[in-house]
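Undergrad: Dropping in model-v1.txt, which is compact mmCIF, C-alpha atoms:
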```txt
# COMPACT_ATOMS: atom_id res chain seq x y z
CA TYR Z 1 -39.94 37.49 4.12
CA ALA Z 2 -37.04 39.77 5.04
CA ASP Z 3 -34.56 36.92 4.64
CA GLY Z 4 -35.68 36.37 1.03
CA THR Z 5 -37.60 33.15 1.69
CA PHE Z 6 -41.19 32.46 0.66
CA LYS Z 7 -42.03 29.81 3.27
CA PRO Z 8 -44.51 27.91 1.07
CA ASN Z 9 -45.53 25.49 3.84
CA LYS Z 10 -46.52 28.23 6.30
CA GLU Z 11 -50.26 28.39 6.88
CA LEU Z 12 -51.94 31.45 5.44
CA THR Z 13 -53.81 33.88 7.67
CA ARG Z 14 -56.89 35.85 6.73
CA SER Z 15 -54.71 38.97 6.95
CA ASP Z 16 -52.33 37.49 4.36
CA VAL Z 17 -55.24 36.79 2.02
CA VAL Z 18 -56.65 40.30 2.40
CA LYS Z 19 -53.26 41.81 1.55
CA LEU Z 20 -52.66 39.53 -1.44
CA LEU Z 21 -56.12 40.03 -2.92
CA GLY Z 22 -56.06 43.76 -2.18
CA LYS Z 23 -52.73 44.17 -3.93
CA TYR Z 24 -54.03 42.23 -6.92
CA LEU Z 25 -57.19 44.34 -7.10
CA VAL Z 26 -55.05 47.50 -7.09
CA THR Z 27 -53.01 46.14 -10.03
CA GLU Z 28 -56.34 45.61 -11.81
CA GLY Z 29 -57.47 49.22 -11.40
CA HIS Z 30 -59.04 49.39 -7.94
CA SER Z 31 -57.83 52.16 -5.65
CA ILE Z 32 -57.08 52.31 -1.98
CA PRO Z 33 -59.87 54.49 -0.56
CA GLU Z 34 -58.82 57.78 1.02
CA ASP Z 35 -60.58 56.79 4.24
CA ALA Z 36 -58.98 53.34 4.45
CA ARG Z 37 -57.15 54.17 7.68
CA THR Z 38 -59.94 56.13 9.34
CA ASN Z 39 -63.08 54.21 8.35
CA MET Z 40 -62.67 50.64 9.57
CA ARG Z 41 -64.31 48.10 7.28
CA PHE Z 42 -64.08 45.36 9.93
CA ALA Z 43 -65.10 45.68 13.59
CA ASP Z 44 -61.87 44.16 14.92
CA LEU Z 45 -59.56 46.62 13.13
CA THR Z 46 -58.61 49.99 14.60
CA SER Z 47 -56.69 53.00 13.36
CA LYS Z 48 -53.69 51.47 15.19
CA SER Z 49 -53.82 48.28 13.10
CA ASN Z 50 -51.14 47.67 10.48
CA GLY Z 51 -51.49 50.40 7.82
CA GLU Z 52 -51.01 48.06 4.88
CA LEU Z 53 -53.70 45.78 6.28
CA LEU Z 54 -56.09 48.71 6.70
CA ASP Z 55 -55.47 49.82 3.11
CA TYR Z 56 -56.11 46.44 1.56
CA ALA Z 57 -58.95 45.55 3.95
CA ALA Z 58 -60.74 48.62 2.62
CA VAL Z 59 -60.07 47.60 -0.99
CA VAL Z 60 -61.33 44.01 -0.62
CA SER Z 61 -64.28 45.02 1.53
CA ASP Z 62 -65.42 47.82 -0.76
CA ALA Z 63 -65.06 45.51 -3.78
CA GLY Z 64 -67.18 42.83 -2.08
CA VAL Z 65 -64.39 40.26 -2.27
CA PHE Z 66 -63.83 39.71 1.45
CA ALA Z 67 -66.79 40.07 3.80
CA GLY Z 68 -65.29 38.80 7.03
CA SER Z 69 -67.08 36.82 9.71
CA ASN Z 70 -69.87 38.58 11.58
CA GLY Z 71 -68.33 41.93 10.68
CA LYS Z 72 -64.84 40.93 11.80
CA LEU Z 73 -61.72 40.25 9.77
CA LEU Z 74 -60.18 37.83 12.30
CA ALA Z 75 -56.82 38.76 10.81
CA GLY Z 76 -54.69 36.23 12.68
CA ASP Z 77 -56.93 33.24 12.01
CA ARG Z 78 -55.95 30.70 9.39
CA ILE Z 79 -58.08 30.62 6.25
CA THR Z 80 -59.82 27.41 5.27
CA ARG Z 81 -59.88 26.00 1.78
CA GLU Z 82 -63.64 26.56 1.55
CA ASN Z 83 -63.27 30.25 2.48
CA MET Z 84 -60.39 30.57 0.03
CA ALA Z 85 -62.68 29.25 -2.72
CA ILE Z 86 -65.33 31.82 -1.82
CA VAL Z 87 -62.99 34.83 -1.93
CA LEU Z 88 -61.27 33.70 -5.13
CA VAL Z 89 -64.62 33.37 -6.91
CA ARG Z 90 -65.75 36.74 -5.54
CA LEU Z 91 -62.50 38.21 -6.87
CA VAL Z 92 -63.26 37.02 -10.40
CA ASN Z 93 -66.92 38.03 -10.15
CA THR Z 94 -65.80 41.54 -9.19
CA LEU Z 95 -63.14 41.87 -11.87
CA LYS Z 96 -65.17 40.31 -14.69
CA ASP Z 97 -68.61 41.57 -13.60
CA VAL Z 98 -70.05 38.06 -13.77
CA SER Z 99 -71.55 35.46 -11.47
CA LEU Z 100 -69.42 32.39 -11.94
CA GLU Z 101 -71.59 30.47 -9.48
CA GLU Z 102 -74.72 31.04 -11.60
CA PHE Z 103 -72.89 30.26 -14.82
CA VAL Z 104 -71.40 27.00 -13.52
CA ALA Z 105 -74.72 25.94 -11.96
CA GLY Z 106 -76.20 25.99 -15.47
CA GLN Z 107 -73.43 23.85 -16.96
CA SER Z 108 -73.26 20.10 -17.31
CA PHE Z 109 -69.87 18.78 -16.22
CA THR Z 110 -68.33 15.88 -14.39
CA GLN Z 111 -67.69 16.99 -10.85
CA GLU Z 112 -64.30 15.75 -9.78
CA VAL Z 113 -64.51 17.05 -6.19
CA LYS Z 114 -66.03 14.19 -4.20
CA ASP Z 115 -66.11 15.76 -0.71
CA LEU Z 116 -68.26 18.77 -1.61
CA ASN Z 117 -70.87 17.77 0.99
CA VAL Z 118 -68.29 18.45 3.75
CA ALA Z 119 -68.14 22.13 2.80
CA LYS Z 120 -70.46 24.71 4.29
CA ALA Z 121 -73.41 25.45 2.03
CA GLU Z 122 -72.22 28.88 0.88
CA ALA Z 123 -68.87 27.44 -0.25
CA ARG Z 124 -70.18 24.58 -2.38
CA SER Z 125 -70.95 26.67 -5.45
CA ALA Z 126 -67.54 28.37 -5.23
CA ILE Z 127 -65.77 24.99 -5.00
CA ASN Z 128 -67.79 23.86 -8.03
CA VAL Z 129 -66.46 26.91 -9.91
CA LEU Z 130 -62.87 25.95 -9.06
CA ASP Z 131 -63.63 22.38 -10.17
CA PHE Z 132 -65.37 23.43 -13.41
CA TYR Z 133 -62.48 25.67 -14.49
CA ASP Z 134 -59.82 23.14 -13.36
CA ILE Z 135 -58.46 25.64 -10.87
CA THR Z 136 -58.49 22.63 -8.57
CA THR Z 137 -57.99 19.11 -9.82
CA ALA Z 138 -58.26 17.48 -6.39
CA THR Z 139 -60.88 14.81 -5.91
CA ASN Z 140 -60.75 15.50 -2.18
CA PHE Z 141 -60.83 19.28 -1.81
CA LEU Z 142 -60.67 19.07 2.00
CA PRO Z 143 -62.80 22.19 2.54
CA LYS Z 144 -62.20 22.45 6.29
CA ASN Z 145 -58.40 22.25 6.02
CA THR Z 146 -56.26 25.36 6.14
CA VAL Z 147 -54.29 26.74 3.22
CA THR Z 148 -50.53 27.16 2.97
CA ARG Z 149 -48.81 30.06 1.26
CA GLY Z 150 -47.69 27.76 -1.55
CA GLN Z 151 -51.17 26.36 -2.10
CA PHE Z 152 -52.73 29.81 -2.19
CA ALA Z 153 -50.09 31.05 -4.63
CA SER Z 154 -50.92 28.10 -6.89
CA PHE Z 155 -54.69 28.69 -6.65
CA LEU Z 156 -54.32 32.43 -7.28
CA ASN Z 157 -52.05 31.77 -10.26
CA ASN Z 158 -54.61 29.32 -11.68
CA VAL Z 159 -57.38 31.89 -11.21
CA ILE Z 160 -55.36 34.61 -12.94
CA LYS Z 161 -54.61 32.31 -15.89
CA ALA Z 162 -58.12 30.83 -16.23
CA ASP Z 163 -60.30 31.72 -19.21
CA PHE Z 164 -63.64 32.92 -17.87
CA SER Z 165 -64.84 34.33 -21.20
CA GLY Z 166 -67.65 31.77 -21.43
CA ALA Z 167 -69.20 33.28 -18.30
CA ALA Z 168 -69.41 36.75 -19.84
CA VAL Z 169 -72.51 38.69 -19.00
CA THR Z 170 -75.03 38.16 -21.74
CA GLY Z 171 -78.31 39.85 -22.32
CA THR Z 172 -80.40 41.80 -24.73
CA VAL Z 173 -81.28 45.42 -25.23
CA LYS Z 174 -84.63 46.07 -26.88
CA ALA Z 175 -85.98 49.47 -27.90
CA ILE Z 176 -89.52 49.93 -26.59
CA ASN Z 177 -89.93 53.40 -28.08
CA ASN Z 178 -87.72 56.42 -28.84
CA THR Z 179 -87.08 57.15 -25.12
CA THR Z 180 -87.24 53.72 -23.46
CA VAL Z 181 -85.12 50.58 -23.69
CA GLU Z 182 -85.56 47.23 -22.01
CA VAL Z 183 -82.40 45.52 -20.78
CA THR Z 184 -82.47 41.82 -19.96
```
Show me, as structure tokens, the structure contained in the file I just sent.

TA:
Amino acid sequence: YADGTFKPNKELTRSDVVKLLGKYLVTEGHSIPEDARTNMRFADLTSKSNGELLDYAAVVSDAGVFAGSNGKLLAGDRITRENMAIVLVRLVNTLKDVSLEEFVAGQSFTQEVKDLNVAKAEARSAINVLDFYDITTATNFLPKNTVTRGQFASFLNNVIKADFSGAAVTGTVKAINNTTVEVT
């Protein structure tokens, strides 16, 4: 904030998350699209919306990290812990070209999160990813609760530091003949 404070207990908005993830994607090689301020990625944004928000909304949308809700960003709404889990896992999937959800689903591990059944169906696999990689160590994840700035900073830091090398894309390439290969 302008006064130099971080305000860790302030609840995070969806706009805040879009900006944070967009900025991180840019540091990792993604670019702000030239049409970011003229081609709205979310139905509730206009060319008069905050320019920084438009830039990073385009980045996260184009990267598939933040899909919105029914085509809308809902910028001023608070983000829930379950939605935070979804976008953080999408972030890693995008940057590492993997599917952490598929990888973790095939692993045997002791699930520490005990309130997974409270989360919406699409968030459960993402919460399992955070649990598997110890990005969260909470036994009660509280999926419907909102996220503070401090909590999100901690989660994002844990994601950045996590070792996802075990989930690397694996496959085979087999030569069928001198002009055809089969990739699995």

Undergrad: Between atom CA of Ser165 of chain Z and atom CA of Ile79 of chain Z, what is the distance in Å, rounded to a tenth?

TA: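 Going from atom CA of Ser165 of chain Z over to atom CA of Ile79 of chain Z covers 28.5 Å.
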
Undergrad: Residues of segment 67-116 of chain Z that approach segment 17-26 of chain Z to 9 Å or less, counting only C-alpha atoms: could you list each one with the shortest pair of atoms and its distance in Å to one decimal, rows by chain and increasing residue number, as CSV?

TA:
```
residue,atom,partner,partner_atom,distance
Z:Leu73,CA,Z:Val18,CA,8.9
Z:Ala75,CA,Z:Val18,CA,8.6
Z:Ile79,CA,Z:Val17,CA,8.0
Z:Met84,CA,Z:Val17,CA,8.3
Z:Val87,CA,Z:Leu21,CA,8.7
Z:Leu88,CA,Z:Leu21,CA,8.5
Z:Leu91,CA,Z:Leu21,CA,7.7
Z:Leu95,CA,Z:Leu25,CA,8.0
```

Undergrad: Nearest to Gln107 of chain Z among Z:Phe132, Z:Pro143, Z:Thr137, Z:Thr5, with distances taken over only C-alpha atoms: which residue is it?

TA: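 Distance minimum relative to Gln107 of chain Z lands on Z:Phe132.
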
Undergrad: Can you tell me how far atom CA of Asp62 of chain Z sits from atom CA of Arg41 of chain Z, in Å to one decimal?

TA: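 Atom-to-atom, atom CA of Asp62 of chain Z and atom CA of Arg41 of chain Z are spaced 8.1 Å apart.
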
Undergrad: Which residue, Z:Val59, Z:Ala105, Z:Val129, Z:Leu45, has the smallest gap to Gly29 of chain Z when you use all atoms listed in the file?

TA: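 Comparing Z:Val59, Z:Ala105, Z:Val129, Z:Leu45 against Gly29 of chain Z, the winner is Z:Val59.
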
Undergrad: Taking (-51.3, 43.4, 9.3) in the file's coordinates, which residues come within 9 Å, counting all atoms listed in the file, written as a PyMOL selection string?

TA: chain Z and resi 15-16+19+49-54+75-76

Undergrad: Keeping only C-alpha atoms, write the selected residues to a file as a PDB file, keeping the file's coordinate frame.

TA:
```pdb
ATOM      1  CA  SER Z  15     -54.710  38.970   6.950  1.00  0.00           C
ATOM      2  CA  ASP Z  16     -52.330  37.490   4.360  1.00  0.00           C
ATOM      3  CA  LYS Z  19     -53.260  41.810   1.550  1.00  0.00           C
ATOM      4  CA  SER Z  49     -53.820  48.280  13.100  1.00  0.00           C
ATOM      5  CA  ASN Z  50     -51.140  47.670  10.480  1.00  0.00           C
ATOM      6  CA  GLY Z  51     -51.490  50.400   7.820  1.00  0.00           C
ATOM      7  CA  GLU Z  52     -51.010  48.060   4.880  1.00  0.00           C
ATOM      8  CA  LEU Z  53     -53.700  45.780   6.280  1.00  0.00           C
ATOM      9  CA  LEU Z  54     -56.090  48.710   6.700  1.00  0.00           C
ATOM     10  CA  ALA Z  75     -56.820  38.760  10.810  1.00  0.00           C
ATOM     11  CA  GLY Z  76     -54.690  36.230  12.680  1.00  0.00           C
TER      12      GLY Z  76
END
```

Undergrad: Give the answer as one residue: which of Z:Asn93, Z:Gln111, Z:Thr46, Z:Asn158 has the shortest atom-to-atom distance to Lys72 of chain Z, using all atoms listed in the file?

TA: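 Smallest distance to Lys72 of chain Z is found for Z:Thr46.
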
Undergrad: Do you have the atom CA of Val65 of chain Z-atom CA of Gly106 of chain Z distance handy?

TA: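 If I compute the distance from atom CA of Val65 of chain Z to atom CA of Gly106 of chain Z, I get 22.7 Å.
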
Undergrad: I'd like the neighbourhood of Ile127 of chain Z as a compact mmCIF listing (two decimals) with C-alpha atoms, in the coordinates of the input, where a residue qualifies if any of its atoms comes within 10 Å (using only C-alpha atoms), though same-chain residues fewer than 2 positions away should be ignored.

TA:
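Wrote it out as around17.txt, contents follow:
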```
# COMPACT_ATOMS: atom_id res chain seq x y z
CA ARG Z 81 -59.88 26.00 1.78
CA GLU Z 82 -63.64 26.56 1.55
CA ASN Z 83 -63.27 30.25 2.48
CA MET Z 84 -60.39 30.57 0.03
CA ALA Z 85 -62.68 29.25 -2.72
CA ILE Z 86 -65.33 31.82 -1.82
CA LEU Z 88 -61.27 33.70 -5.13
CA VAL Z 89 -64.62 33.37 -6.91
CA GLU Z 101 -71.59 30.47 -9.48
CA VAL Z 113 -64.51 17.05 -6.19
CA LEU Z 116 -68.26 18.77 -1.61
CA ALA Z 119 -68.14 22.13 2.80
CA GLU Z 122 -72.22 28.88 0.88
CA ALA Z 123 -68.87 27.44 -0.25
CA ARG Z 124 -70.18 24.58 -2.38
CA SER Z 125 -70.95 26.67 -5.45
CA VAL Z 129 -66.46 26.91 -9.91
CA LEU Z 130 -62.87 25.95 -9.06
CA ASP Z 131 -63.63 22.38 -10.17
CA PHE Z 132 -65.37 23.43 -13.41
CA ILE Z 135 -58.46 25.64 -10.87
CA THR Z 136 -58.49 22.63 -8.57
CA PHE Z 141 -60.83 19.28 -1.81
CA PRO Z 143 -62.80 22.19 2.54
```

Undergrad: For Asn70 of chain Z, work out the shell of residues within 12 Å, counting all atoms listed in the file and skipping chain neighbours fewer than 4 positions away, then give it as JSON, numbers by chain.

TA: {"Z": [41, 42, 43, 44, 66, 74]}

Undergrad: Could you tell me, as a list of chain:residue names, which residues have any atom at most 10 Å from (-49.3, 29.6, 6.9), counting all atoms listed in the file?

TA: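 Those within range, by chain then number, are Z:Lys7, Z:Pro8, Z:Asn9, Z:Lys10, Z:Glu11, Z:Leu12, Z:Thr13, Z:Arg14, Z:Asp16, Z:Asp77, Z:Arg78, Z:Ile79, Z:Thr146, Z:Val147, Z:Thr148, Z:Arg149, Z:Gly150, Z:Gln151, Z:Phe152.
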
Undergrad: Keeping only C-alpha atoms, write the selected residues to a file as a PDB file, in the coordinates of the input.

TA:
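Writing the result to result04.pdb gives the following:
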```pdb
ATOM      1  CA  LYS Z   7     -42.030  29.810   3.270  1.00  0.00           C
ATOM      2  CA  PRO Z   8     -44.510  27.910   1.070  1.00  0.00           C
ATOM      3  CA  ASN Z   9     -45.530  25.490   3.840  1.00  0.00           C
ATOM      4  CA  LYS Z  10     -46.520  28.230   6.300  1.00  0.00           C
ATOM      5  CA  GLU Z  11     -50.260  28.390   6.880  1.00  0.00           C
ATOM      6  CA  LEU Z  12     -51.940  31.450   5.440  1.00  0.00           C
ATOM      7  CA  THR Z  13     -53.810  33.880   7.670  1.00  0.00           C
ATOM      8  CA  ARG Z  14     -56.890  35.850   6.730  1.00  0.00           C
ATOM      9  CA  ASP Z  16     -52.330  37.490   4.360  1.00  0.00           C
ATOM     10  CA  ASP Z  77     -56.930  33.240  12.010  1.00  0.00           C
ATOM     11  CA  ARG Z  78     -55.950  30.700   9.390  1.00  0.00           C
ATOM     12  CA  ILE Z  79     -58.080  30.620   6.250  1.00  0.00           C
ATOM     13  CA  THR Z 146     -56.260  25.360   6.140  1.00  0.00           C
ATOM     14  CA  VAL Z 147     -54.290  26.740   3.220  1.00  0.00           C
ATOM     15  CA  THR Z 148     -50.530  27.160   2.970  1.00  0.00           C
ATOM     16  CA  ARG Z 149     -48.810  30.060   1.260  1.00  0.00           C
ATOM     17  CA  GLY Z 150     -47.690  27.760  -1.550  1.00  0.00           C
ATOM     18  CA  GLN Z 151     -51.170  26.360  -2.100  1.00  0.00           C
ATOM     19  CA  PHE Z 152     -52.730  29.810  -2.190  1.00  0.00           C
TER      20      PHE Z 152
END
```

Undergrad: Please, can segment 52-68 of chain Z be completed to N, CA, C and O atoms and returned as a PDB file, in the frame of the given file?

TA:
```pdb
ATOM      1  N   GLU Z  52     -50.828  48.812   6.132  1.00  0.00           N
ATOM      2  CA  GLU Z  52     -51.010  48.060   4.880  1.00  0.00           C
ATOM      3  C   GLU Z  52     -52.268  47.200   4.954  1.00  0.00           C
ATOM      4  O   GLU Z  52     -53.031  47.123   3.992  1.00  0.00           O
ATOM      5  N   LEU Z  53     -52.496  46.585   6.101  1.00  0.00           N
ATOM      6  CA  LEU Z  53     -53.700  45.780   6.280  1.00  0.00           C
ATOM      7  C   LEU Z  53     -54.949  46.637   6.166  1.00  0.00           C
ATOM      8  O   LEU Z  53     -55.913  46.255   5.501  1.00  0.00           O
ATOM      9  N   LEU Z  54     -54.933  47.810   6.787  1.00  0.00           N
ATOM     10  CA  LEU Z  54     -56.090  48.710   6.700  1.00  0.00           C
ATOM     11  C   LEU Z  54     -56.370  49.113   5.263  1.00  0.00           C
ATOM     12  O   LEU Z  54     -57.531  49.142   4.826  1.00  0.00           O
ATOM     13  N   ASP Z  55     -55.311  49.426   4.515  1.00  0.00           N
ATOM     14  CA  ASP Z  55     -55.470  49.820   3.110  1.00  0.00           C
ATOM     15  C   ASP Z  55     -56.149  48.724   2.302  1.00  0.00           C
ATOM     16  O   ASP Z  55     -57.135  48.959   1.605  1.00  0.00           O
ATOM     17  N   TYR Z  56     -55.597  47.520   2.393  1.00  0.00           N
ATOM     18  CA  TYR Z  56     -56.110  46.440   1.560  1.00  0.00           C
ATOM     19  C   TYR Z  56     -57.410  45.855   2.095  1.00  0.00           C
ATOM     20  O   TYR Z  56     -58.225  45.335   1.321  1.00  0.00           O
ATOM     21  N   ALA Z  57     -57.654  45.965   3.396  1.00  0.00           N
ATOM     22  CA  ALA Z  57     -58.950  45.550   3.950  1.00  0.00           C
ATOM     23  C   ALA Z  57     -60.049  46.427   3.359  1.00  0.00           C
ATOM     24  O   ALA Z  57     -61.140  45.940   3.035  1.00  0.00           O
ATOM     25  N   ALA Z  58     -59.768  47.707   3.213  1.00  0.00           N
ATOM     26  CA  ALA Z  58     -60.740  48.620   2.620  1.00  0.00           C
ATOM     27  C   ALA Z  58     -60.988  48.263   1.156  1.00  0.00           C
ATOM     28  O   ALA Z  58     -62.134  48.254   0.690  1.00  0.00           O
ATOM     29  N   VAL Z  59     -59.927  47.947   0.431  1.00  0.00           N
ATOM     30  CA  VAL Z  59     -60.070  47.600  -0.990  1.00  0.00           C
ATOM     31  C   VAL Z  59     -60.932  46.356  -1.150  1.00  0.00           C
ATOM     32  O   VAL Z  59     -61.902  46.352  -1.917  1.00  0.00           O
ATOM     33  N   VAL Z  60     -60.592  45.269  -0.435  1.00  0.00           N
ATOM     34  CA  VAL Z  60     -61.330  44.010  -0.620  1.00  0.00           C
ATOM     35  C   VAL Z  60     -62.748  44.091  -0.075  1.00  0.00           C
ATOM     36  O   VAL Z  60     -63.657  43.474  -0.631  1.00  0.00           O
ATOM     37  N   SER Z  61     -62.933  44.857   0.980  1.00  0.00           N
ATOM     38  CA  SER Z  61     -64.280  45.020   1.530  1.00  0.00           C
ATOM     39  C   SER Z  61     -65.155  45.826   0.578  1.00  0.00           C
ATOM     40  O   SER Z  61     -66.272  45.417   0.254  1.00  0.00           O
ATOM     41  N   ASP Z  62     -64.642  46.959   0.137  1.00  0.00           N
ATOM     42  CA  ASP Z  62     -65.420  47.820  -0.760  1.00  0.00           C
ATOM     43  C   ASP Z  62     -65.728  47.117  -2.082  1.00  0.00           C
ATOM     44  O   ASP Z  62     -66.774  47.365  -2.683  1.00  0.00           O
ATOM     45  N   ALA Z  63     -64.843  46.239  -2.525  1.00  0.00           N
ATOM     46  CA  ALA Z  63     -65.060  45.510  -3.780  1.00  0.00           C
ATOM     47  C   ALA Z  63     -65.994  44.315  -3.585  1.00  0.00           C
ATOM     48  O   ALA Z  63     -66.403  43.690  -4.561  1.00  0.00           O
ATOM     49  N   GLY Z  64     -66.307  43.972  -2.330  1.00  0.00           N
ATOM     50  CA  GLY Z  64     -67.180  42.830  -2.080  1.00  0.00           C
ATOM     51  C   GLY Z  64     -66.483  41.490  -2.171  1.00  0.00           C
ATOM     52  O   GLY Z  64     -67.133  40.452  -2.266  1.00  0.00           O
ATOM     53  N   VAL Z  65     -65.160  41.500  -2.128  1.00  0.00           N
ATOM     54  CA  VAL Z  65     -64.390  40.260  -2.270  1.00  0.00           C
ATOM     55  C   VAL Z  65     -64.233  39.542  -0.934  1.00  0.00           C
ATOM     56  O   VAL Z  65     -64.274  38.319  -0.861  1.00  0.00           O
ATOM     57  N   PHE Z  66     -64.062  40.293   0.129  1.00  0.00           N
ATOM     58  CA  PHE Z  66     -63.830  39.710   1.450  1.00  0.00           C
ATOM     59  C   PHE Z  66     -64.805  40.343   2.419  1.00  0.00           C
ATOM     60  O   PHE Z  66     -64.726  41.535   2.693  1.00  0.00           O
ATOM     61  N   ALA Z  67     -65.735  39.540   2.929  1.00  0.00           N
ATOM     62  CA  ALA Z  67     -66.790  40.070   3.800  1.00  0.00           C
ATOM     63  C   ALA Z  67     -66.496  39.898   5.275  1.00  0.00           C
ATOM     64  O   ALA Z  67     -67.129  40.533   6.104  1.00  0.00           O
ATOM     65  N   GLY Z  68     -65.574  39.038   5.626  1.00  0.00           N
ATOM     66  CA  GLY Z  68     -65.290  38.800   7.030  1.00  0.00           C
ATOM     67  C   GLY Z  68     -66.283  37.837   7.647  1.00  0.00           C
ATOM     68  O   GLY Z  68     -67.100  37.225   6.964  1.00  0.00           O
TER      69      GLY Z  68
END
```
